[in-house]
file protein.txt (compact mmCIF, C-alpha atoms)
# COMPACT_ATOMS: atom_id res chain seq x y z
CA MET E 1 98.32 272.60 60.67
CA PRO E 2 95.48 270.60 62.28
CA ASP E 3 92.27 272.40 63.06
CA ALA E 4 91.76 273.67 66.58
CA PRO E 5 89.26 271.53 68.53
CA PHE E 6 85.95 272.33 67.00
CA VAL E 7 82.79 273.59 68.69
CA THR E 8 80.33 271.14 67.14
CA PRO E 9 76.54 271.37 66.88
CA GLU E 10 76.50 268.09 68.82
CA LEU E 11 78.28 269.73 71.76
CA LEU E 12 75.77 272.58 71.71
CA GLY E 13 72.97 270.01 71.52
CA ARG E 14 74.21 268.45 74.76
CA VAL E 15 74.28 271.92 76.34
CA ALA E 16 70.67 272.41 75.22
CA ARG E 17 69.75 269.24 77.11
CA GLY E 18 71.25 270.68 80.29
CA ASP E 19 74.60 268.86 80.24
CA ARG E 20 76.91 270.87 82.55
CA ALA E 21 80.06 268.98 81.52
CA ALA E 22 79.32 269.79 77.87
CA PHE E 23 78.83 273.44 78.80
CA ALA E 24 82.19 273.52 80.61
CA GLU E 25 83.81 272.04 77.49
CA LEU E 26 82.04 274.60 75.28
CA TYR E 27 83.35 277.39 77.51
CA ARG E 28 86.87 275.98 77.43
CA LEU E 29 86.86 275.82 73.62
CA ALA E 30 85.01 279.02 72.77
CA SER E 31 85.82 281.58 75.48
CA PRO E 32 89.41 282.30 74.29
CA LYS E 33 87.99 283.07 70.84
CA LEU E 34 85.10 285.20 72.09
CA PHE E 35 86.92 287.16 74.80
CA PRO E 36 89.10 289.13 72.32
CA VAL E 37 85.93 290.16 70.44
CA ALA E 38 84.40 291.52 73.65
CA LEU E 39 87.69 293.25 74.54
CA ARG E 40 87.95 294.87 71.13
CA ILE E 41 84.46 296.35 71.22
CA THR E 42 84.22 297.35 74.90
CA GLN E 43 87.87 298.47 75.08
CA ARG E 44 87.79 297.68 78.80
CA ARG E 45 88.77 294.44 80.48
CA ASP E 46 86.20 294.57 83.28
CA LEU E 47 83.37 295.26 80.83
CA ALA E 48 84.59 292.56 78.45
CA GLU E 49 84.52 290.06 81.32
CA GLU E 50 80.97 291.12 82.16
CA VAL E 51 79.92 290.76 78.52
CA LEU E 52 81.47 287.28 78.29
CA GLN E 53 79.73 286.21 81.47
CA GLU E 54 76.31 287.49 80.32
CA SER E 55 76.82 285.92 76.92
CA PHE E 56 77.62 282.44 78.21
CA VAL E 57 74.64 282.52 80.56
CA ALA E 58 72.55 283.44 77.49
CA VAL E 59 74.13 280.58 75.52
CA TRP E 60 73.20 278.16 78.32
CA ASN E 61 69.62 279.46 78.37
CA GLN E 62 69.17 279.71 74.60
CA ALA E 63 71.12 276.68 73.40
CA ALA E 64 67.85 274.90 72.54
CA SER E 65 67.03 277.64 70.03
CA TYR E 66 70.29 277.07 68.14
CA ASP E 67 69.79 275.66 64.67
CA PRO E 68 72.62 274.91 62.21
CA VAL E 69 70.70 277.15 59.79
CA LYS E 70 71.97 280.03 61.94
CA GLY E 71 75.59 279.19 61.11
CA SER E 72 78.28 277.34 63.01
CA PRO E 73 77.92 277.32 66.82
CA LEU E 74 80.91 279.67 67.11
CA ILE E 75 79.38 282.15 64.67
CA TRP E 76 76.07 281.98 66.55
CA MET E 77 77.85 282.66 69.85
CA THR E 78 79.95 285.44 68.30
CA THR E 79 76.76 287.28 67.33
CA ILE E 80 75.51 287.00 70.93
CA VAL E 81 78.82 288.36 72.30
CA ARG E 82 79.05 291.15 69.71
CA HIS E 83 75.55 292.43 70.37
CA ARG E 84 76.05 292.42 74.13
CA ALA E 85 79.42 294.15 73.77
CA ILE E 86 77.86 296.77 71.51
CA ASP E 87 75.07 297.36 74.05
CA GLN E 88 77.66 297.69 76.81
CA ARG E 89 79.60 300.16 74.70
CA ARG E 90 76.48 302.22 73.94
CA ARG E 91 75.59 302.45 77.64
CA ARG E 92 78.79 304.37 78.36
CA SER E 93 78.27 308.09 78.11
CA ASN E 94 81.85 309.17 77.43
CA LEU E 95 82.98 307.06 74.55
CA ALA E 96 86.66 307.55 74.24
CA ASP E 97 87.12 308.43 70.61
CA ALA E 98 90.85 307.88 70.91
CA THR E 99 90.36 304.15 71.39
CA ALA E 100 89.28 303.63 67.81
CA GLY E 101 92.08 302.73 65.49
CA SER E 102 92.82 304.57 62.31
CA ASP E 103 91.73 303.23 58.95
CA GLU E 104 95.24 301.91 58.41
CA ALA E 105 95.24 300.01 61.68
CA LEU E 106 91.86 298.49 60.89
CA LEU E 107 92.91 297.44 57.44
CA ALA E 108 96.07 295.97 58.89
CA LEU E 109 93.87 293.86 61.13
CA VAL E 110 91.78 292.69 58.20
CA ALA E 111 94.88 292.04 56.11
CA GLY E 112 96.68 290.63 59.15
CA GLU E 113 98.47 287.36 59.33
CA SER E 114 96.33 284.37 60.12
CA ASP E 115 97.84 281.08 61.23
CA ARG E 116 94.92 279.13 59.78
CA ALA E 117 95.10 278.69 56.05
CA ASP E 118 91.33 278.32 55.51
CA ARG E 119 90.57 281.45 57.52
CA GLY E 120 93.31 283.18 55.58
CA ALA E 121 91.51 282.56 52.29
CA GLU E 122 88.19 283.87 53.63
CA LEU E 123 89.89 286.89 55.15
CA ALA E 124 91.69 287.57 51.87
CA ALA E 125 88.37 287.47 49.98
CA LEU E 126 86.73 289.88 52.43
CA SER E 127 89.76 292.14 52.35
CA ARG E 128 89.77 292.21 48.55
CA CYS E 129 86.09 293.18 48.48
CA LEU E 130 86.53 295.80 51.20
CA ASP E 131 89.33 297.31 49.11
CA GLN E 132 86.85 297.94 46.30
CA LEU E 133 84.80 300.29 48.49
CA GLU E 134 85.47 304.03 48.61
CA PRO E 135 87.78 304.88 51.55
CA GLN E 136 85.19 306.57 53.77
CA PRO E 137 82.38 304.04 53.36
CA ARG E 138 84.94 301.28 53.95
CA GLN E 139 86.06 302.97 57.15
CA ALA E 140 82.42 303.27 58.27
CA VAL E 141 81.79 299.55 57.74
CA LEU E 142 84.99 298.57 59.54
CA LEU E 143 84.44 300.93 62.48
CA ALA E 144 80.93 299.48 62.84
CA TYR E 145 81.98 295.84 62.75
CA VAL E 146 85.36 296.02 64.43
CA HIS E 147 84.55 298.55 67.16
CA GLY E 148 80.75 298.54 67.31
CA TYR E 149 80.18 302.15 66.25
CA THR E 150 76.58 303.38 65.90
CA HIS E 151 75.41 305.51 62.98
CA GLU E 152 75.58 308.56 65.28
CA GLU E 153 79.15 307.86 66.33
CA LEU E 154 80.17 307.26 62.73
CA ALA E 155 78.61 310.60 61.76
CA GLY E 156 80.60 312.33 64.50
CA ARG E 157 83.89 310.64 63.80
CA LEU E 158 83.75 310.94 60.04
CA ALA E 159 82.22 314.47 60.20
CA THR E 160 79.45 313.43 57.83
CA PRO E 161 75.65 313.79 58.08
CA ILE E 162 73.94 310.73 59.49
CA GLY E 163 71.82 310.26 56.36
CA THR E 164 75.00 309.98 54.30
CA ILE E 165 76.44 307.48 56.78
CA LYS E 166 73.33 305.31 56.49
CA SER E 167 73.45 305.30 52.72
CA TRP E 168 77.21 304.54 52.76
CA VAL E 169 76.55 301.54 54.98
CA ARG E 170 73.65 300.35 52.80
CA ARG E 171 75.59 300.70 49.55
CA SER E 172 78.72 299.17 51.05
CA LEU E 173 76.79 296.12 52.26
CA GLU E 174 75.23 295.70 48.81
CA ARG E 175 78.59 295.98 47.10
CA LEU E 176 80.30 293.61 49.52
CA LYS E 177 77.59 291.02 48.97
CA ARG E 178 77.87 291.31 45.18
CA CYS E 179 81.64 291.13 45.31
CA LEU E 180 81.71 288.06 47.57
CA ASP E 181 78.97 286.26 45.65
CA GLY E 182 80.61 286.99 42.29
CA MET I 1 57.74 296.99 56.59
CA LYS I 2 57.68 294.53 53.78
CA TYR I 3 59.78 291.73 55.23
CA ASP I 4 59.10 289.55 52.21
CA ASP I 5 61.22 291.86 50.03
CA PRO I 6 64.49 289.88 49.77
CA LYS I 7 66.60 293.01 49.16
CA LEU I 8 65.26 294.73 52.25
CA ARG I 9 65.60 291.57 54.30
CA GLU I 10 69.19 291.22 53.23
CA LEU I 11 69.97 294.84 54.16
CA LEU I 12 68.30 294.49 57.57
CA ALA I 13 70.24 291.28 58.20
CA GLY I 14 73.45 293.07 57.18
CA ARG I 15 72.82 295.92 59.62
CA TYR I 16 71.90 293.40 62.33
CA VAL I 17 75.22 291.61 61.92
CA LEU I 18 77.25 294.79 61.42
CA GLY I 19 75.83 296.07 64.70
CA THR I 20 74.50 299.44 63.53
CA MET I 21 70.87 298.50 64.20
CA PRO I 22 69.39 300.32 67.21
CA ARG I 23 68.74 298.05 70.17
CA ARG I 24 64.93 297.97 69.92
CA ALA I 25 64.99 297.25 66.21
CA ARG I 26 67.43 294.47 66.90
CA ALA I 27 65.14 292.93 69.52
CA ARG I 28 62.32 292.96 66.94
CA PHE I 29 64.66 291.38 64.41
CA ASP I 30 65.60 288.67 66.94
CA ARG I 31 61.93 287.68 67.06
CA LEU I 32 61.74 287.59 63.25
CA ILE I 33 64.76 285.31 63.15
CA ALA I 34 63.11 282.95 65.61
CA GLU I 35 60.05 282.67 63.36
CA ASP I 36 61.43 282.80 59.84
CA ALA I 37 64.16 280.61 58.40
CA ALA I 38 64.71 283.04 55.51
CA PHE I 39 65.93 285.66 58.01
CA CYS I 40 68.16 283.03 59.64
CA ALA I 41 69.80 282.32 56.31
CA ASP I 42 70.36 286.04 55.58
CA VAL I 43 71.89 286.59 59.02
CA ARG I 44 74.10 283.54 58.66
CA GLU I 45 75.45 284.75 55.32
CA TRP I 46 76.42 288.13 56.75
CA ALA I 47 77.86 286.62 59.91
CA GLU I 48 80.01 284.33 57.78
CA ILE I 49 81.15 287.23 55.62
CA PHE I 50 82.47 289.20 58.61
CA ALA I 51 83.55 286.23 60.76
CA PRO I 52 87.13 286.15 59.37
CA ILE I 53 87.77 289.48 61.12
CA ASP I 54 87.00 287.86 64.49
CA ALA I 55 88.80 284.65 63.61
CA ALA I 56 91.98 286.63 62.92
CA GLU I 57 92.13 287.79 66.56
CA ALA I 58 94.74 286.05 68.69
CA PRO I 59 92.97 283.93 71.35
CA VAL I 60 92.85 285.43 74.85
CA ALA I 61 91.78 283.22 77.76
CA PRO I 62 89.49 285.05 80.17
CA PRO I 63 90.38 284.95 83.91
CA GLN I 64 88.99 282.10 86.04
CA ARG I 65 86.59 284.41 87.87
CA VAL I 66 84.46 284.73 84.72
CA TRP I 67 83.70 281.00 84.64
CA ARG I 68 83.02 280.97 88.41
CA ALA I 69 80.53 283.83 87.98
CA ILE I 70 78.82 282.01 85.09
CA GLU I 71 78.49 278.79 87.11
CA THR I 72 76.64 280.56 89.91
CA GLN I 73 73.99 281.73 87.43
CA LEU I 74 73.17 278.46 85.74
CA GLY I 75 70.48 277.12 88.06
CA PRO I 76 69.73 273.43 88.44
CA ALA I 77 70.36 270.96 85.61
CA ARG I 78 67.40 270.89 83.25
CA ALA I 79 65.22 267.92 82.46
CA PRO I 80 64.74 267.24 78.76
CA ALA I 81 61.73 269.11 77.35
CA ALA I 82 58.46 267.15 77.32
CA PRO I 83 57.26 266.13 73.86
CA ALA I 84 55.03 268.78 72.34
CA ARG I 85 52.15 266.41 71.83
CA GLY I 86 51.94 265.52 75.53
CA SER I 87 49.31 268.04 76.54
CA TRP I 88 46.47 267.17 74.20
CA PHE I 89 47.26 263.50 74.34
CA ASP I 90 47.02 263.56 78.14
CA SER I 91 43.72 265.37 78.09
CA LEU I 92 42.32 262.82 75.64
CA TRP I 93 43.42 260.10 77.97
CA LEU I 94 41.26 261.64 80.71
CA TRP I 95 38.23 261.69 78.43
CA ARG I 96 38.50 258.00 77.90
CA GLY I 97 36.68 257.04 81.10
CA ALA I 98 33.79 259.42 80.44
CA THR I 99 33.07 258.77 76.78
CA GLY I 100 34.10 255.20 76.30
CA PHE I 101 37.07 253.80 74.54
CA ALA I 102 35.65 253.70 70.99
CA ALA I 103 34.48 257.31 71.14
CA ALA I 104 37.85 258.38 72.52
CA VAL I 105 39.64 256.63 69.70
CA ALA I 106 37.36 258.33 67.16
CA VAL I 107 38.00 261.75 68.75
CA ALA I 108 41.70 261.03 68.96
CA LEU I 109 41.79 260.21 65.28
CA LEU I 110 39.95 263.40 64.39
CA VAL I 111 42.21 265.48 66.60
CA TYR I 112 45.22 263.70 65.19
CA ILE I 113 44.17 264.47 61.63
CA GLY I 114 43.22 268.04 62.57
CA VAL I 115 46.42 268.76 64.46
CA PHE I 116 48.70 267.36 61.81
CA ALA I 117 46.79 268.89 58.90
CA THR I 118 47.00 272.36 60.47
CA GLN I 119 50.63 271.86 61.50
CA GLU I 120 51.52 271.34 57.90
CA THR I 121 50.22 274.71 56.72
CA PRO I 122 53.16 276.83 57.90
CA PRO I 123 56.00 274.71 56.49
CA MET I 124 58.74 275.09 59.05
CA PRO I 125 61.98 273.88 57.48
CA THR I 126 63.37 270.96 59.40
CA VAL I 127 66.95 269.81 59.25
CA VAL I 128 67.18 266.51 57.42
CA ALA I 129 70.94 266.04 57.63
CA VAL I 130 74.16 267.95 58.33
CA LEU I 131 77.10 266.91 56.16
CA SER I 132 80.47 267.24 57.84
CA ASP I 133 83.98 267.42 56.49
CA SER I 134 85.30 263.84 56.39
CA LYS I 135 88.66 264.95 57.79
CA SER I 136 88.00 267.75 60.29
CA GLY I 137 84.41 266.89 61.24
CA ALA I 138 83.41 270.51 60.66
CA PRO I 139 79.76 270.88 59.51
CA ALA I 140 79.84 272.03 55.89
CA TRP I 141 76.47 271.43 54.17
CA ILE I 142 72.92 271.32 55.41
CA ALA I 143 69.89 269.51 53.99
CA ARG I 144 66.57 271.03 55.00
CA SER I 145 63.04 270.06 54.08
CA GLY I 146 60.83 272.94 53.08
CA ARG I 147 57.87 273.51 50.82
CA ASP I 148 56.51 271.28 48.07
CA ASP I 149 58.05 267.96 49.15
CA GLN I 150 61.52 269.23 48.41
CA VAL I 151 64.76 269.13 50.31
CA THR I 152 67.29 271.94 49.84
CA VAL I 153 70.99 271.22 50.21
CA SER I 154 73.25 274.24 50.67
CA ALA I 155 76.71 275.14 51.89
CA LEU I 156 76.95 276.39 55.49
CA GLY I 157 80.09 278.34 54.64
CA ARG I 158 81.73 279.19 51.38
CA GLN I 159 83.42 276.09 50.00
CA THR I 160 86.51 276.38 47.85
CA ILE I 161 86.74 274.42 44.63
CA ASP I 162 88.65 274.99 41.40
CA ALA I 163 86.97 275.40 38.02
CA GLY I 164 88.00 271.91 36.92
CA HIS I 165 85.93 270.17 39.62
CA SER I 166 82.38 269.93 40.96
CA PHE I 167 80.88 268.87 44.28
CA GLN I 168 78.45 266.04 43.57
CA LEU I 169 75.78 264.91 46.03
CA TRP I 170 74.94 261.23 46.49
CA ALA I 171 72.27 259.24 48.32
CA ILE I 172 73.54 256.07 49.98
CA ALA I 173 71.01 253.59 51.38
CA GLY I 174 72.12 249.99 51.04
CA GLY I 175 72.77 249.72 47.29
CA PRO I 176 75.17 251.68 45.10
CA PRO I 177 75.19 255.49 45.55
CA ARG I 178 72.55 257.39 43.58
CA PRO I 179 73.56 260.79 42.12
CA LEU I 180 71.40 263.69 43.39
CA GLY I 181 73.01 266.65 41.64
CA LEU I 182 75.87 269.15 41.69
CA LEU I 183 76.13 271.49 44.66
CA SER I 184 76.89 275.22 44.62
CA PRO I 185 79.84 276.16 46.87
CA VAL I 186 78.13 279.49 47.68
CA PRO I 187 76.03 279.60 50.88
CA GLY I 188 72.41 280.48 50.17
CA ARG I 189 72.47 278.93 46.70
CA GLY I 190 71.12 275.55 47.65
CA ILE I 191 69.92 272.95 45.22
CA ALA I 192 66.43 271.46 45.59
CA ILE I 193 65.90 267.72 45.33
CA PRO I 194 62.64 265.82 45.71
CA SER I 195 62.11 264.50 49.25
CA SER I 196 61.54 261.05 47.79
CA ALA I 197 65.17 260.99 46.56
CA VAL I 198 66.54 261.45 50.09
CA PRO I 199 67.46 258.17 51.84
CA PRO I 200 65.29 257.12 54.79
CA THR I 201 66.40 257.90 58.35
CA GLY I 202 69.78 256.29 58.99
CA GLY I 203 70.79 256.53 55.32
CA VAL I 204 73.66 258.77 54.24
CA LEU I 205 74.08 261.88 52.11
CA ALA I 206 77.62 262.23 50.79
CA VAL I 207 79.54 264.72 48.65
CA SER I 208 82.38 263.60 46.41
CA LEU I 209 84.86 265.63 44.39
CA GLU I 210 84.22 264.99 40.71
CA PRO I 211 85.39 266.40 37.38
CA ALA I 212 83.50 269.59 36.43
CA GLY I 213 79.96 268.67 35.43
CA GLY I 214 79.83 265.54 37.57
CA SER I 215 81.00 261.95 37.56
CA PRO I 216 81.32 260.56 34.03
CA THR I 217 80.43 257.04 35.22
CA GLY I 218 77.30 257.68 37.28
CA GLN I 219 79.20 256.47 40.36
CA PRO I 220 81.55 258.46 42.61
CA THR I 221 85.05 258.61 41.13
CA GLY I 222 86.72 261.09 43.49
CA PRO I 223 87.21 261.21 47.27
CA VAL I 224 84.18 261.55 49.57
CA LEU I 225 84.83 264.96 51.12
CA PHE I 226 81.66 265.35 53.21
CA GLN I 227 78.99 263.07 54.57
CA GLY I 228 76.16 263.00 57.06
CA LYS I 229 73.49 260.64 58.31
CA VAL I 230 69.86 261.40 57.54
CA PHE I 231 68.40 261.92 61.00
CA SER I 232 64.95 263.10 60.04
CA ASN I 233 63.22 261.58 57.05
CA PRO I 234 61.25 264.34 55.31
CA LEU I 235 58.49 261.95 54.22

call {"tool": "encode", "arguments": {"input": "protein.txt", "output": "structure tokens"}}
result
Amino acid sequence: MPDAPFVTPELLGRVARGDRAAFAELYRLASPKLFPVALRITQRRDLAEEVLQESFVAVWNQAASYDPVKGSPLIWMTTIVRHRAIDQRRRRSNLADATAGSDEALLALVAGESDRADRGAELAALSRCLDQLEPQPRQAVLLAYVHGYTHEELAGRLATPIGTIKSWVRRSLERLKRCLDG
Amino acid sequence: MKYDDPKLRELLAGRYVLGTMPRRARARFDRLIAEDAAFCADVREWAEIFAPIDAAEAPVAPPQRVWRAIETQLGPARAPAAPARGSWFDSLWLWRGATGFAAAVAVALLVYIGVFATQETPPMPTVVAVLSDSKSGAPAWIARSGRDDQVTVSALGRQTIDAGHSFQLWAIAGGPPRPLGLLSPVPGRGIAIPSSAVPPTGGVLAVSLEPAGGSPTGQPTGPVLFQGKVFSNPL
């Protein structure tokens, strides 16, 4: 299957030079990939729309600071969206605990079908390495990445002291890195 | 905080990408990323590790009103940024009338030497070339100049290759390709080559698929999988 149209560093370079048409094209290509990320973390459509809007204005303003060293343009933009979505989520006082999926549901997502073969291989590698973690630390890492949980929220949800949560996250990151580099 | 400890840096970058870093710490980390390429590389590695989770999401187009709201916030189209050297060059130009042309040239030379000598002390890595997939056009390898007259070539994302093959890097500038070394498919494990081996601006860096250990003939024998023009000569 041919690759979806690609968000290239060149396109982002044109955005950095103030090219509105390039920015419209960037939005057309990237927004359908970034919107689900905002939806997943904020769990609310109106807030996800707000996050996407803020993020693209930030992309327009910060495009000149993009450097391929920071990863592909889509990865760079995903980080911007994720952080804004997480901030949006943290601002809400009553975080609906019910919205977070169970460990099984999260793992199903990670092990889920992907229609792009290359992504499938990367996802399989990540999934294999996540499987090597103990169940609770794995759940902590997934809740943090997939739903934007803070250390405090993880402590509450997993009924575990915050110090333990922090060391789970640290050890899990170290183990993931070793597993994926190996 | 000892930010030069690679283990600590890696952990901080991991928490930054994972999203568990408190907001203020993250803002501080954003400034570190802007200043230090080593942080950039750590962040990129983590972002690439977790990216498949986001890529597995089915695309959802946002409603039209989001784009309309973005457009109202963009402000007027920007002019390209002025070259960084403009300010001191302009001020020198003004001196010219007062001090005479010869004196101005002498001062300009001194300033020139001074500015460029001091600019070299913090070696900011500059991108020398981005090598893209010959088929999809996706950027796959990056060549950056850094310290000690060396250029580092590393994978932007994990590349897949079987044990029977190697990625071999070549310099192409007019004559036959010159072999530069075997590349690691793992991001962050770049190979260093002397800047003098990199083709001048407009030349090409290419990666071919070769038998494990590299081409037996000294010339590419397999397909050219990636290539990119040198757009900034490190010398």

call {"tool": "residues_around", "arguments": {"input": "protein.txt", "residues": "range 71-84 of chain E", "least_positions_apart": "6", "cutoff": "8 Å", "atoms": "all atoms listed in the file", "output": "list in words"}}
result
Val7, Thr8, Pro9, Leu12, Ala30, Leu34, Val37, Ala38, Ile41, Val51, Leu52, Glu54, Ser55, Val59 and Gly148 of chain E; Val17, Gly19, Arg44, Ala47, Glu48, Ala51, Pro139, Leu156 and Gly157 of chain I

call {"tool": "interface_residues", "arguments": {"input": "protein.txt", "of": "chain I", "to": "chain E", "cutoff": "8 Å", "atoms": "only C-alpha atoms", "output": "PyMOL selection string"}}
result
chain I and resi 11+14+17-23+34+37+40-41+43-44+47-62+66-67+69-70+73-74+77-80+136+138-139+142+156-157+186

call {"tool": "closest_residue", "arguments": {"input": "protein.txt", "among": "I:Ile172, I:Val128, I:Leu180, I:Ala25", "to": "Pro194 in chain I", "atoms": "all atoms listed in the file"}}
result
I:Leu180

call {"tool": "closest_residue", "arguments": {"input": "protein.txt", "among": "E:Pro135, E:Gly13, E:Glu153, E:Leu47", "to": "Ala63 in chain E", "atoms": "all atoms listed in the file"}}
result
E:Gly13

call {"tool": "atom_distance", "arguments": {"input": "protein.txt", "atom1": "CA of Gly203 in chain I", "atom2": "CA of Gly174 in chain I"}}
result
7.9 Å

call {"tool": "atom_distance", "arguments": {"input": "protein.txt", "atom1": "CA of Phe226 in chain I", "atom2": "CA of Ser132 in chain I"}}
result
5.1 Å

call {"tool": "atom_distance", "arguments": {"input": "protein.txt", "atom1": "CA of Gly214 in chain I", "atom2": "CA of Trp170 in chain I"}}
result
11.0 Å

call {"tool": "closest_residue", "arguments": {"input": "protein.txt", "among": "I:Ser232, I:Ser196, I:Ser215, I:Ser154", "to": "Gln168 in chain I", "atoms": "all atoms listed in the file"}}
result
I:Ser215

call {"tool": "residues_around", "arguments": {"input": "protein.txt", "residues": "Gln219 in chain I", "least_positions_apart": "6", "cutoff": "8 Å", "atoms": "all atoms listed in the file", "output": "VMD selection string"}}
result
chain I and resid 176 to 179

call {"tool": "write_last_selection", "arguments": {"input": "protein.txt", "atoms": "C-alpha atoms", "output": "compact mmCIF listing (two decimals), in the coordinates of the input"}}
result
# COMPACT_ATOMS: atom_id res chain seq x y z
CA PRO I 176 75.17 251.68 45.10
CA PRO I 177 75.19 255.49 45.55
CA ARG I 178 72.55 257.39 43.58
CA PRO I 179 73.56 260.79 42.12

call {"tool": "closest_residue", "arguments": {"input": "protein.txt", "among": "I:Val198, I:Leu225, I:Leu12, I:Ala192", "to": "Arg26 in chain I", "atoms": "only C-alpha atoms"}}
result
I:Leu12

call {"tool": "residues_around", "arguments": {"input": "protein.txt", "residues": "Pro185 in chain I", "least_positions_apart": "6", "cutoff": "7 Å", "atoms": "only C-alpha atoms", "output": "list in words"}}
result
Ala155, Arg158, Gln159 and Thr160 of chain I

call {"tool": "write_last_selection", "arguments": {"input": "protein.txt", "atoms": "C-alpha atoms", "output": "PDB file, in the coordinates of the input"}}
result
ATOM      1  CA  ALA I 155      76.710 275.140  51.890  1.00  0.00           C
ATOM      2  CA  ARG I 158      81.730 279.190  51.380  1.00  0.00           C
ATOM      3  CA  GLN I 159      83.420 276.090  50.000  1.00  0.00           C
ATOM      4  CA  THR I 160      86.510 276.380  47.850  1.00  0.00           C
TER       5      THR I 160
END

call {"tool": "residues_around", "arguments": {"input": "protein.txt", "residues": "Ser195 in chain I", "least_positions_apart": "6", "cutoff": "6 Å", "atoms": "all atoms listed in the file", "output": "PyMOL selection string"}}
result
chain I and resi 149-151

call {"tool": "write_last_selection", "arguments": {"input": "protein.txt", "atoms": "C-alpha atoms", "output": "PDB file, keeping the file's coordinate frame"}}
result
ATOM      1  CA  ASP I 149      58.050 267.960  49.150  1.00  0.00           C
ATOM      2  CA  GLN I 150      61.520 269.230  48.410  1.00  0.00           C
ATOM      3  CA  VAL I 151      64.760 269.130  50.310  1.00  0.00           C
TER       4      VAL I 151
END

call {"tool": "axis_aligned_box", "arguments": {"input": "protein.txt", "around": "range 63-68 of chain I", "padding_each_side": "3 Å", "output": "JSON"}}
result
{"center_x": 86.7, "center_y": 283.0, "center_z": 86.2, "size_x": 13.4, "size_y": 10.0, "size_z": 10.5}

call {"tool": "residues_around", "arguments": {"input": "protein.txt", "residues": "Leu169 in chain I", "least_positions_apart": "2", "cutoff": "8 Å", "atoms": "all atoms listed in the file", "output": "PyMOL selection string"}}
result
chain I and resi 167+171+179-183+205-208

call {"tool": "closest_residue", "arguments": {"input": "protein.txt", "among": "I:Gly188, I:Leu32, I:Val153, I:Ile161", "to": "Trp46 in chain I", "atoms": "all atoms listed in the file"}}
result
I:Gly188
